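Colleague: Below is entry17.csv; it holds CSV, C-alpha atoms and all ligand atoms.
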chain,number,residue,atom,x,y,z
A,291,MET,CA,0.0,0.0,0.0
A,292,SER,CA,1.2,3.5,-0.6
A,293,ARG,CA,2.6,5.4,2.4
A,294,SER,CA,-0.2,7.9,2.3
A,295,SER,CA,-3.0,5.3,2.6
A,296,GLY,CA,-2.9,4.8,6.3
A,297,ASP,CA,-3.7,1.6,8.1
A,298,TRP,CA,-5.2,-1.5,6.4
A,299,LEU,CA,-7.3,-3.8,8.6
A,300,PRO,CA,-7.7,-7.5,7.6
A,301,VAL,CA,-11.2,-8.6,6.5
A,302,THR,CA,-11.8,-12.2,7.2
A,303,ALA,CA,-15.1,-12.7,5.4
A,304,GLY,CA,-13.6,-13.5,2.0
A,305,GLU,CA,-13.8,-17.0,0.5
A,306,SER,CA,-11.2,-17.0,-2.2
A,307,GLY,CA,-7.4,-17.4,-2.0
A,308,ALA,CA,-6.8,-13.6,-1.7
A,309,ALA,CA,-6.3,-11.7,1.5
A,310,VAL,CA,-8.7,-8.8,1.7
A,311,PHE,CA,-8.1,-5.6,3.7
A,312,ARG,CA,-10.2,-2.5,4.4
A,313,SER,CA,-8.7,1.0,4.8
A,314,ALA,CA,-9.0,2.4,8.3
A,315,ASP,CA,-11.4,5.1,7.0
A,316,GLY,CA,-13.6,2.5,5.3
A,317,THR,CA,-13.5,4.0,1.9
A,318,ARG,CA,-11.3,1.4,0.1
A,319,TYR,CA,-10.6,-2.3,0.0
A,320,ALA,CA,-7.4,-4.0,-1.0
A,321,LYS,CA,-7.1,-7.6,-2.3
A,322,ARG,CA,-3.7,-9.1,-2.2
A,323,VAL,CA,-2.4,-12.4,-3.7
A,324,ALA,CA,1.1,-13.7,-2.9
A,325,ALA,CA,1.6,-15.3,-6.3
A,326,GLU,CA,-0.3,-16.0,-9.5
A,327,ALA,CA,-1.6,-12.5,-10.3
A,328,ALA,CA,-3.7,-13.6,-13.3
A,329,GLY,CA,-6.8,-14.1,-11.2
A,330,LEU,CA,-6.6,-10.8,-9.6
A,331,ALA,CA,-5.8,-9.1,-12.9
A,332,ALA,CA,-9.0,-10.7,-14.2
A,333,GLU,CA,-10.9,-9.2,-11.3
A,334,ARG,CA,-9.4,-5.8,-12.0
A,335,ASP,CA,-10.4,-5.9,-15.6
A,336,ARG,CA,-14.0,-7.1,-14.9
A,337,THR,CA,-14.4,-4.5,-12.1
A,338,ALA,CA,-13.3,-1.7,-14.4
A,339,TRP,CA,-15.6,-3.0,-17.2
A,340,LEU,CA,-18.7,-3.4,-15.0
A,341,SER,CA,-18.3,0.1,-13.5
A,342,GLU,CA,-18.6,1.5,-17.1
A,343,HIS,CA,-21.8,-0.4,-17.8
A,344,GLY,CA,-24.3,1.1,-15.4
A,345,ILE,CA,-24.2,-1.7,-12.8
A,346,PRO,CA,-23.3,-0.6,-9.3
A,347,GLY,CA,-20.0,-2.0,-7.9
A,348,PRO,CA,-16.5,-0.9,-6.9
A,349,ARG,CA,-14.2,1.3,-9.0
A,350,VAL,CA,-10.6,0.3,-9.5
A,351,LEU,CA,-8.4,2.8,-7.7
A,352,ASP,CA,-5.0,1.2,-7.8
A,353,TRP,CA,-3.2,-1.9,-9.1
A,354,HIS,CA,0.3,-3.2,-8.5
A,355,SER,CA,2.0,-6.4,-9.5
A,356,GLY,CA,5.5,-7.6,-8.9
A,357,ASP,CA,7.7,-10.5,-7.7
A,358,ALA,CA,5.9,-10.5,-4.4
A,359,GLY,CA,2.4,-10.9,-5.8
A,360,ALA,CA,-0.2,-8.4,-6.7
A,361,ARG,CA,-2.7,-6.1,-5.1
A,362,LEU,CA,-5.9,-4.5,-6.3
A,363,VAL,CA,-7.4,-1.5,-4.5
A,364,THR,CA,-11.0,-0.7,-5.1
A,365,SER,CA,-13.5,1.8,-3.7
A,366,ALA,CA,-15.7,0.5,-1.0
A,367,VAL,CA,-19.3,-0.3,-1.9
A,368,PRO,CA,-21.0,1.2,1.1
A,369,GLY,CA,-23.2,-1.1,3.2
A,370,VAL,CA,-23.5,-4.5,4.5
A,371,PRO,CA,-23.1,-7.9,2.7
A,372,ALA,CA,-26.5,-9.5,2.2
A,373,ASP,CA,-25.6,-12.6,4.1
A,374,GLN,CA,-25.4,-10.5,7.2
A,375,VAL,CA,-28.9,-9.1,7.4
A,376,SER,CA,-31.9,-10.8,9.0
A,377,ALA,CA,-34.3,-13.0,7.1
A,378,ALA,CA,-36.9,-10.2,7.4
A,379,ASP,CA,-34.5,-7.7,5.9
A,380,LEU,CA,-33.4,-10.0,3.2
A,381,ARG,CA,-37.0,-10.6,2.3
A,382,THR,CA,-37.5,-6.8,2.0
A,383,ALA,CA,-34.4,-6.5,-0.1
A,384,TRP,CA,-35.3,-9.6,-2.2
A,385,ASP,CA,-37.2,-7.8,-5.0
A,386,ARG,CA,-34.5,-5.2,-5.3
A,387,ILE,CA,-31.9,-8.0,-5.5
A,388,ALA,CA,-33.9,-9.6,-8.3
A,389,ASP,CA,-34.1,-6.2,-10.0
A,390,ALA,CA,-30.3,-5.7,-9.7
A,391,VAL,CA,-29.5,-9.2,-10.9
A,392,ARG,CA,-31.9,-8.8,-13.9
A,393,ALA,CA,-30.2,-5.5,-14.7
A,394,LEU,CA,-26.8,-7.2,-14.7
A,395,HIS,CA,-28.2,-10.1,-16.8
A,396,GLU,CA,-29.7,-7.5,-19.3
A,397,VAL,CA,-26.3,-5.9,-20.1
A,398,PRO,CA,-25.9,-6.8,-23.8
A,399,VAL,CA,-23.8,-9.9,-24.1
A,400,ARG,CA,-22.0,-8.6,-27.2
A,401,GLN,CA,-20.6,-5.7,-25.1
A,402,CYS,CA,-19.0,-8.1,-22.7
A,403,PRO,CA,-15.4,-9.2,-23.6
A,404,PHE,CA,-15.3,-11.9,-20.8
A,405,ARG,CA,-16.5,-15.4,-21.5
A,406,ARG,CA,-17.3,-17.9,-18.8
A,407,ASP,CA,-18.5,-20.7,-21.0
A,408,LEU,CA,-19.5,-24.0,-19.7
A,409,ASP,CA,-16.7,-25.9,-21.3
A,410,SER,CA,-14.1,-23.8,-19.5
A,411,ALA,CA,-15.9,-24.2,-16.2
A,412,VAL,CA,-16.0,-28.0,-16.8
A,413,ALA,CA,-12.3,-28.0,-17.7
A,414,LEU,CA,-11.5,-26.1,-14.6
A,415,ALA,CA,-13.5,-28.5,-12.5
A,416,ARG,CA,-11.9,-31.5,-14.1
A,417,ASP,CA,-8.5,-30.0,-13.3
A,418,VAL,CA,-9.4,-29.3,-9.6
A,419,VAL,CA,-10.8,-32.8,-9.2
A,420,ALA,CA,-7.8,-34.5,-10.9
A,421,ARG,CA,-5.5,-32.6,-8.6
A,422,GLY,CA,-7.5,-33.8,-5.6
A,423,ALA,CA,-7.9,-30.1,-4.7
A,424,VAL,CA,-11.7,-29.9,-4.1
A,425,HIS,CA,-12.4,-28.0,-0.9
A,426,PRO,CA,-14.8,-30.3,1.0
A,427,GLU,CA,-16.5,-27.5,2.9
A,428,PHE,CA,-17.7,-25.9,-0.4
A,429,LEU,CA,-19.7,-29.1,-1.3
A,430,PRO,CA,-23.3,-29.4,-0.3
A,431,VAL,CA,-23.4,-31.4,3.0
A,432,GLU,CA,-25.0,-34.4,1.4
A,433,GLN,CA,-22.0,-34.6,-1.1
A,434,GLN,CA,-19.2,-34.2,1.4
A,435,GLY,CA,-18.8,-38.0,1.8
A,436,THR,CA,-18.7,-38.7,-1.9
A,437,PRO,CA,-15.4,-38.8,-3.8
A,438,ALA,CA,-15.0,-35.8,-6.0
A,439,PRO,CA,-14.4,-37.9,-9.2
A,440,GLU,CA,-17.7,-39.5,-8.7
A,441,LEU,CA,-19.4,-36.1,-8.3
A,442,MET,CA,-17.7,-35.0,-11.5
A,443,ALA,CA,-18.8,-38.2,-13.3
A,444,ARG,CA,-22.4,-37.5,-12.4
A,445,LEU,CA,-22.3,-34.1,-14.1
A,446,LEU,CA,-20.5,-35.0,-17.3
A,447,PRO,CA,-23.4,-36.8,-19.0
A,448,GLN,CA,-25.4,-33.5,-18.7
A,449,VAL,CA,-22.8,-31.3,-20.3
A,450,ALA,CA,-24.0,-31.5,-23.9
A,451,GLN,CA,-27.5,-30.6,-22.9
A,452,ARG,CA,-26.4,-27.8,-20.6
A,453,ARG,CA,-24.1,-26.5,-23.4
A,454,ALA,CA,-27.0,-26.3,-25.8
A,455,GLU,CA,-29.2,-24.5,-23.2
A,456,ALA,CA,-26.5,-22.0,-22.4
A,457,ALA,CA,-25.9,-21.3,-26.1
A,458,ALA,CA,-29.6,-20.3,-26.4
A,459,ASP,CA,-29.7,-18.3,-23.1
A,460,THR,CA,-26.4,-16.6,-22.4
A,461,VAL,CA,-26.2,-13.5,-20.2
A,462,VAL,CA,-23.6,-11.5,-18.4
A,463,CYS,CA,-23.2,-13.4,-15.2
A,464,HIS,CA,-21.5,-12.2,-12.0
A,465,GLY,CA,-19.9,-15.6,-11.7
A,466,ASP,CA,-19.9,-15.9,-7.9
A,467,LEU,CA,-23.3,-14.6,-7.0
A,468,CYS,CA,-23.5,-15.5,-3.4
A,469,LEU,CA,-25.0,-13.1,-0.7
A,470,PRO,CA,-21.6,-12.0,0.6
A,471,ASN,CA,-20.9,-10.5,-2.8
A,472,ILE,CA,-24.1,-8.4,-2.8
A,473,VAL,CA,-23.8,-5.3,-0.7
A,474,LEU,CA,-27.0,-3.7,0.7
A,475,ASP,CA,-27.7,-0.3,2.2
A,476,PRO,CA,-28.7,-1.3,5.8
A,477,ARG,CA,-31.0,1.7,6.1
A,478,THR,CA,-33.0,1.5,2.9
A,479,LEU,CA,-32.2,-2.2,2.1
A,480,ASP,CA,-31.5,-1.1,-1.5
A,481,VAL,CA,-28.7,-2.9,-3.4
A,482,SER,CA,-25.6,-0.7,-3.2
A,483,GLY,CA,-23.7,-2.9,-5.6
A,484,PHE,CA,-22.0,-6.2,-6.5
A,485,ILE,CA,-18.5,-7.0,-5.4
A,486,ASP,CA,-15.9,-9.8,-6.0
A,487,LEU,CA,-16.2,-9.7,-9.8
A,488,GLY,CA,-13.2,-12.0,-10.7
A,489,ARG,CA,-15.4,-14.6,-12.4
A,490,LEU,CA,-17.8,-12.2,-14.2
A,491,GLY,CA,-18.4,-13.4,-17.8
A,492,THR,CA,-21.0,-14.5,-20.2
A,493,ALA,CA,-22.7,-17.8,-19.2
A,494,ASP,CA,-26.1,-19.4,-18.6
A,495,ARG,CA,-28.1,-17.3,-16.2
A,496,HIS,CA,-28.7,-20.4,-14.1
A,497,ALA,CA,-25.0,-20.4,-13.1
A,498,ASP,CA,-25.7,-17.2,-11.1
A,499,LEU,CA,-29.2,-18.0,-10.0
A,500,ALA,CA,-28.2,-21.4,-8.6
A,501,LEU,CA,-25.7,-19.9,-6.2
A,502,LEU,CA,-27.9,-17.0,-5.2
A,503,LEU,CA,-31.0,-19.1,-4.4
A,504,ALA,CA,-29.1,-21.8,-2.6
A,505,ASN,CA,-27.1,-19.3,-0.6
A,506,ALA,CA,-30.3,-17.4,0.4
A,507,ARG,CA,-31.8,-20.7,1.6
A,508,GLU,CA,-29.3,-20.5,4.5
A,509,THR,CA,-31.0,-17.3,5.6
A,510,TRP,CA,-34.7,-18.3,5.2
A,511,PRO,CA,-36.0,-19.8,8.4
A,512,ASP,CA,-37.7,-22.8,6.9
A,513,GLU,CA,-38.4,-24.7,3.6
A,514,GLU,CA,-41.8,-23.1,3.1
A,515,ARG,CA,-40.4,-19.6,3.3
A,516,ALA,CA,-37.6,-20.6,1.0
A,517,ARG,CA,-40.0,-21.9,-1.6
A,518,GLN,CA,-42.0,-18.6,-1.3
A,519,ALA,CA,-38.8,-16.6,-1.8
A,520,ASP,CA,-37.7,-18.7,-4.8
A,521,ALA,CA,-41.1,-18.1,-6.4
A,522,ALA,CA,-41.1,-14.4,-5.6
A,523,PHE,CA,-37.6,-14.1,-7.1
A,524,ALA,CA,-38.6,-15.9,-10.3
A,525,GLU,CA,-41.7,-13.6,-10.7
A,526,ARG,CA,-39.8,-10.4,-10.1
A,527,TYR,CA,-36.8,-11.5,-12.1
A,528,GLY,CA,-39.2,-12.3,-14.9
A,529,VAL,CA,-37.7,-15.4,-16.5
A,530,ALA,CA,-38.8,-19.0,-15.6
A,531,VAL,CA,-36.1,-20.8,-13.7
A,532,ASP,CA,-35.3,-24.5,-14.5
A,533,SER,CA,-34.6,-26.5,-11.4
A,534,ASP,CA,-32.5,-29.2,-13.2
A,535,ARG,CA,-30.2,-26.5,-14.6
A,536,LEU,CA,-30.0,-24.8,-11.2
A,537,ARG,CA,-29.0,-28.2,-9.6
A,538,PHE,CA,-26.3,-28.8,-12.3
A,539,TYR,CA,-24.7,-25.4,-11.8
A,540,LEU,CA,-25.0,-25.6,-8.0
A,541,HIS,CA,-23.1,-28.9,-8.1
A,542,LEU,CA,-20.5,-27.8,-10.7
A,543,ASP,CA,-19.5,-24.6,-8.8
A,544,PRO,CA,-17.8,-26.2,-5.8
A,545,LEU,CA,-15.7,-28.4,-8.0
A,546,THR,CA,-14.2,-25.2,-9.7
A,547,TRP,CA,-12.5,-23.8,-6.5
A,548,GLY,CA,-9.2,-25.5,-5.9
A,549,LEU,CA,-7.8,-25.9,-2.4
A,550,ASP,CA,-4.8,-23.7,-3.4
A,551,ASP,CA,-7.3,-20.9,-4.2
A,552,VAL,CA,-8.3,-20.8,-0.5
A,553,PRO,CA,-6.7,-18.5,2.0
A,554,GLY,CA,-3.8,-19.5,4.2
A,555,GLU,CA,-2.7,-17.5,7.1
A,556,GLU,CA,-3.5,-13.8,6.9
A,557,GLU,CA,-0.7,-11.9,5.4
A,558,ALA,CA,0.2,-8.3,6.1
A,559,CYS,CA,-0.9,-5.9,3.5
A,560,ARG,CA,2.2,-4.1,2.4
B,1,LIG,N1,-15.2,-2.9,-2.7
B,1,LIG,C1,-15.8,-3.5,-1.6
B,1,LIG,N2,-16.8,-2.8,-1.1
B,1,LIG,C2,-17.4,-3.3,0.0
B,1,LIG,N3,-17.0,-4.4,0.7
B,1,LIG,C3,-16.0,-5.1,0.2
B,1,LIG,C4,-15.3,-4.7,-1.0
B,1,LIG,N4,-14.4,-5.6,-1.3
B,1,LIG,C5,-14.4,-6.5,-0.3
B,1,LIG,N5,-15.4,-6.2,0.6
B,1,LIG,C6,-15.7,-7.0,1.8
B,1,LIG,O1,-14.7,-8.0,1.9
B,1,LIG,C7,-15.3,-9.3,1.8
B,1,LIG,C8,-14.3,-10.2,1.0
B,1,LIG,O2,-14.0,-9.6,-0.3
B,1,LIG,P1,-14.2,-10.3,-1.6
B,1,LIG,O3,-13.8,-9.5,-2.7
B,1,LIG,O4,-15.6,-10.9,-1.7
B,1,LIG,O5,-13.2,-11.5,-1.4
B,1,LIG,P2,-13.2,-13.0,-1.7
B,1,LIG,O6,-12.8,-13.2,-3.1
B,1,LIG,O7,-12.2,-13.5,-0.7
B,1,LIG,O8,-14.6,-13.5,-1.4
B,1,LIG,C9,-16.6,-9.1,1.1
B,1,LIG,O9,-17.6,-10.1,1.3
B,1,LIG,C10,-17.0,-7.8,1.7
B,1,LIG,O10,-17.6,-7.9,3.0
B,2,MG,MG,-16.5,-12.7,-1.9
Please rewrite the model in this file as structure tokens.
Ligand SMILES: Nc1ncnc2c1ncn2[C@@H]1O[C@H](COP(=O)(O)OP(=O)(O)O)[C@@H](O)[C@H]1O
Ligand SMILES: [Mg+2]
Modeller:
Amino acid sequence: MSRSSGDWLPVTAGESGAAVFRSADGTRYAKRVAAEAAGLAAERDRTAWLSEHGIPGPRVLDWHSGDAGARLVTSAVPGVPADQVSAADLRTAWDRIADAVRALHEVPVRQCPFRRDLDSAVALARDVVARGAVHPEFLPVEQQGTPAPELMARLLPQVAQRRAEAAADTVVCHGDLCLPNIVLDPRTLDVSGFIDLGRLGTADRHADLALLLANARETWPDEERARQADAAFAERYGVAVDSDRLRFYLHLDPLTWGLDDVPGEEEACR
């Protein structure tokens, strides 16, 4: 960090391999990786791109890469991550989240230079599985006792069909659309913006919806309320949601995060 930037405080809520820090005055975030800067450079490029396309999110303020790794400084999206509000507040914000996701998914695909096609996601998952690097905690509980190669083998027969569906229904996806990556204004419960944009790219809308609906299920108090929320989302979002496609993308996603993408000990942000 530059000498003028003051103190940086570690943020522990992140789920990727990067260490995240917040500036003492709360106006900026820094993400730092010790090696392999390509992923963070991808996040930089996608963050800059999205901020030019009318979707609320961080601005890129600073970038540095060198022998010791890389760091990306972005403006803070003010508010609180959507996984940290009560079920009642999430329900109030739910229509606005649906509106924000729809607006993101309505950005014209031809304007987006970033692809997140199914074949690359499957290739990434195959590699993570082959390396034995699947992070068990990212798997749904009922899959945690199943060997990852078997989980992969269950998905592969569906790929041709999912590829055809995606070709007919591609949108600009966030790529990691879980509640911690949606920031809400805690007073109005409006969506302040999307963050953590390193996997943004064109893909089947169900890739985003699968993560969002499954993650929100952890906030809803019971199955009945979860079903109501899913229905309310689909109505507001305005496109019918296919549960088989949701399940496929929900099960593919945890296989795409390698163990070495997950944080080690917090490092100082220099
Ligand atoms: N620009 C930002 N504005 C607001 N909060 C942020 C920002 N960047 C990071 N955060 C906070 O830090 C957490 C981790 O950052 P994130 O970019 O999601 O990292 P990870 O890739 O580790 O998930 C987020 O869930 C959020 O609470
Ligand atoms: Mg995140």
Colleague: Show me which residues sit within 12 Å of ligand MG 2 (chain B) when counting all atoms listed in the file, and put them as a ChimeraX atom specification.
Modeller: /A:301-310,321,333,371-373,464-473,484-489,552
Colleague: Could you jot down the atom CA of Val431 of chain A to atom CA of Arg515 of chain A separation for me, Å, one decimal place?
Modeller: 20.7 Å
Colleague: For atom CA of Arg416 of chain A and atom CA of Ala327 of chain A, determine how far apart the two atoms are, in Å to one decimal place.
Modeller: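 Interatomic distance, atom CA of Arg416 of chain A to atom CA of Ala327 of chain A: 21.9 Å.
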Colleague: Find the residue from A:Gly316, A:Arg381, A:Phe311, A:Arg386 that sits nearest to Val363 of chain A; use all atoms listed in the file when measuring.
Modeller: A:Phe311
Colleague: Using all atoms listed in the file, can you list as an MDAnalysis selection string the residues within 12 Å of (-33.5, -22.2, -25.4)?
Modeller: chainID A and resid 451:460 494:495 529:530 532
Colleague: Which residues are close to segment 388-390 of chain A, i.e. within 12 Å by all atoms listed in the file, leaving aside same-chain residues fewer than 4 positions away? Reply as a PyMOL selection string.
Modeller: chain A and resi 344-347+380-384+394-397+463-464+467+472-474+480-484+498-499+502-503+519-529
Colleague: Counting all atoms listed in the file, figure out which residue out of A:Leu299, A:Val350, A:Glu342, A:Ala377 gets nearest to Thr509 of chain A.
Modeller: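 Among the listed residues, the smallest separation from Thr509 of chain A belongs to A:Ala377.
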Colleague: Kindly give the distance, in Å, that separates atom CA of Ala415 of chain A and atom CA of Ala497 of chain A, rounded to a single decimal.
Modeller: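 Atom CA of Ala497 of chain A lies 14.1 Å from atom CA of Ala415 of chain A.
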Colleague: Would you mind telling me which residue in A:Val375, A:Leu414, A:Ala393, A:Ala331 lies nearest to Gly548 of chain A when using all atoms listed in the file?
Modeller: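 So, comparing all the options, the nearest one is A:Leu414.
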Colleague: When you count all atoms listed in the file, which of these residues is closest to ligand LIG 1 (chain B): A:Glu508, A:Asp534, A:Asp475, A:Glu514?
Modeller: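 Using all atoms listed in the file, ligand LIG 1 (chain B) sits closest to A:Asp475.
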Colleague: Would you mind telling me which residue in A:Ala338, A:Leu445, A:Ala328, A:Val370 lies nearest to ligand LIG 1 (chain B) when using only C-alpha atoms and all ligand atoms?
Modeller: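 Looking at the shortest contact to ligand LIG 1 (chain B), the residue is A:Val370.
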Colleague: Write out as an mmCIF file with C-alpha atoms, in the frame of the given file which residues come within 10 Å of Val412 of chain A when counting all atoms listed in the file, dropping same-chain ones fewer than 6 positions away.
Modeller:
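Result file follows (around08.cif):
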data_model
loop_
_atom_site.group_PDB
_atom_site.id
_atom_site.type_symbol
_atom_site.label_atom_id
_atom_site.label_comp_id
_atom_site.auth_asym_id
_atom_site.auth_seq_id
_atom_site.Cartn_x
_atom_site.Cartn_y
_atom_site.Cartn_z
ATOM 1 C CA VAL A 418 -9.400 -29.300 -9.600
ATOM 2 C CA MET A 442 -17.700 -35.000 -11.500
ATOM 3 C CA LEU A 445 -22.300 -34.100 -14.100
ATOM 4 C CA LEU A 446 -20.500 -35.000 -17.300
ATOM 5 C CA VAL A 449 -22.800 -31.300 -20.300
ATOM 6 C CA LEU A 542 -20.500 -27.800 -10.700
ATOM 7 C CA ASP A 543 -19.500 -24.600 -8.800
ATOM 8 C CA LEU A 545 -15.700 -28.400 -8.000
ATOM 9 C CA THR A 546 -14.200 -25.200 -9.700
#
Colleague: Pick from A:Trp547, A:Ala443, A:Ser376, A:Thr478: nearest to ligand LIG 1 (chain B), with only C-alpha atoms and all ligand atoms counted?
Modeller: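 Selected residue with least distance to ligand LIG 1 (chain B): A:Trp547.
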Colleague: Applying 10 Å and only C-alpha atoms, which residues near Pro426 of chain A remain after dropping the ones on its own chain fewer than 6 positions away? List them as a list in words.
Modeller: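 Surrounding residues, per the criterion: Gln433, Gln434, Gly435, Thr436, Pro437, Ala438, Pro544, Leu545 and Leu549 of chain A.
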Colleague: Just to be explicit: take each residue in the selection above, keep C-alpha atoms, and write the result as a compact mmCIF listing (two decimals), in the frame of the given file.
Modeller:
# COMPACT_ATOMS: atom_id res chain seq x y z
CA GLN A 433 -22.00 -34.60 -1.10
CA GLN A 434 -19.20 -34.20 1.40
CA GLY A 435 -18.80 -38.00 1.80
CA THR A 436 -18.70 -38.70 -1.90
CA PRO A 437 -15.40 -38.80 -3.80
CA ALA A 438 -15.00 -35.80 -6.00
CA PRO A 544 -17.80 -26.20 -5.80
CA LEU A 545 -15.70 -28.40 -8.00
CA LEU A 549 -7.80 -25.90 -2.40
Colleague: Extract segment 444-497 of chain A from the structure I just pasted (atoms: C-alpha atoms) and return it as a PDB file, in the first residue's frame.
Modeller:
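Output saved as out.pdb:
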ATOM      1  CA  ARG A 444     -22.438 -37.461 -12.357  1.00  0.00           C
ATOM      2  CA  LEU A 445     -22.264 -34.066 -14.056  1.00  0.00           C
ATOM      3  CA  LEU A 446     -20.485 -34.996 -17.269  1.00  0.00           C
ATOM      4  CA  PRO A 447     -23.436 -36.770 -18.976  1.00  0.00           C
ATOM      5  CA  GLN A 448     -25.427 -33.519 -18.687  1.00  0.00           C
ATOM      6  CA  VAL A 449     -22.814 -31.280 -20.266  1.00  0.00           C
ATOM      7  CA  ALA A 450     -23.998 -31.546 -23.889  1.00  0.00           C
ATOM      8  CA  GLN A 451     -27.546 -30.560 -22.947  1.00  0.00           C
ATOM      9  CA  ARG A 452     -26.395 -27.760 -20.630  1.00  0.00           C
ATOM     10  CA  ARG A 453     -24.099 -26.454 -23.374  1.00  0.00           C
ATOM     11  CA  ALA A 454     -27.030 -26.280 -25.801  1.00  0.00           C
ATOM     12  CA  GLU A 455     -29.221 -24.523 -23.232  1.00  0.00           C
ATOM     13  CA  ALA A 456     -26.476 -22.036 -22.427  1.00  0.00           C
ATOM     14  CA  ALA A 457     -25.931 -21.266 -26.118  1.00  0.00           C
ATOM     15  CA  ALA A 458     -29.588 -20.274 -26.364  1.00  0.00           C
ATOM     16  CA  ASP A 459     -29.698 -18.260 -23.136  1.00  0.00           C
ATOM     17  CA  THR A 460     -26.381 -16.589 -22.387  1.00  0.00           C
ATOM     18  CA  VAL A 461     -26.238 -13.464 -20.210  1.00  0.00           C
ATOM     19  CA  VAL A 462     -23.557 -11.461 -18.425  1.00  0.00           C
ATOM     20  CA  CYS A 463     -23.152 -13.408 -15.181  1.00  0.00           C
ATOM     21  CA  HIS A 464     -21.533 -12.236 -11.965  1.00  0.00           C
ATOM     22  CA  GLY A 465     -19.856 -15.634 -11.683  1.00  0.00           C
ATOM     23  CA  ASP A 466     -19.896 -15.915  -7.872  1.00  0.00           C
ATOM     24  CA  LEU A 467     -23.326 -14.563  -7.029  1.00  0.00           C
ATOM     25  CA  CYS A 468     -23.550 -15.474  -3.360  1.00  0.00           C
ATOM     26  CA  LEU A 469     -25.011 -13.136  -0.726  1.00  0.00           C
ATOM     27  CA  PRO A 470     -21.610 -11.964   0.646  1.00  0.00           C
ATOM     28  CA  ASN A 471     -20.925 -10.512  -2.803  1.00  0.00           C
ATOM     29  CA  ILE A 472     -24.111  -8.388  -2.831  1.00  0.00           C
ATOM     30  CA  VAL A 473     -23.847  -5.260  -0.676  1.00  0.00           C
ATOM     31  CA  LEU A 474     -27.039  -3.716   0.745  1.00  0.00           C
ATOM     32  CA  ASP A 475     -27.687  -0.274   2.195  1.00  0.00           C
ATOM     33  CA  PRO A 476     -28.651  -1.291   5.757  1.00  0.00           C
ATOM     34  CA  ARG A 477     -31.018   1.686   6.126  1.00  0.00           C
ATOM     35  CA  THR A 478     -33.016   1.468   2.894  1.00  0.00           C
ATOM     36  CA  LEU A 479     -32.214  -2.193   2.052  1.00  0.00           C
ATOM     37  CA  ASP A 480     -31.513  -1.116  -1.531  1.00  0.00           C
ATOM     38  CA  VAL A 481     -28.708  -2.886  -3.402  1.00  0.00           C
ATOM     39  CA  SER A 482     -25.574  -0.724  -3.153  1.00  0.00           C
ATOM     40  CA  GLY A 483     -23.654  -2.909  -5.571  1.00  0.00           C
ATOM     41  CA  PHE A 484     -22.022  -6.192  -6.519  1.00  0.00           C
ATOM     42  CA  ILE A 485     -18.469  -6.971  -5.440  1.00  0.00           C
ATOM     43  CA  ASP A 486     -15.910  -9.766  -5.972  1.00  0.00           C
ATOM     44  CA  LEU A 487     -16.154  -9.711  -9.757  1.00  0.00           C
ATOM     45  CA  GLY A 488     -13.222 -11.970 -10.685  1.00  0.00           C
ATOM     46  CA  ARG A 489     -15.438 -14.590 -12.355  1.00  0.00           C
ATOM     47  CA  LEU A 490     -17.758 -12.211 -14.226  1.00  0.00           C
ATOM     48  CA  GLY A 491     -18.441 -13.358 -17.757  1.00  0.00           C
ATOM     49  CA  THR A 492     -21.036 -14.543 -20.208  1.00  0.00           C
ATOM     50  CA  ALA A 493     -22.737 -17.786 -19.171  1.00  0.00           C
ATOM     51  CA  ASP A 494     -26.107 -19.419 -18.607  1.00  0.00           C
ATOM     52  CA  ARG A 495     -28.123 -17.260 -16.201  1.00  0.00           C
ATOM     53  CA  HIS A 496     -28.699 -20.386 -14.089  1.00  0.00           C
ATOM     54  CA  ALA A 497     -25.021 -20.353 -13.110  1.00  0.00           C
TER      55      ALA A 497
END
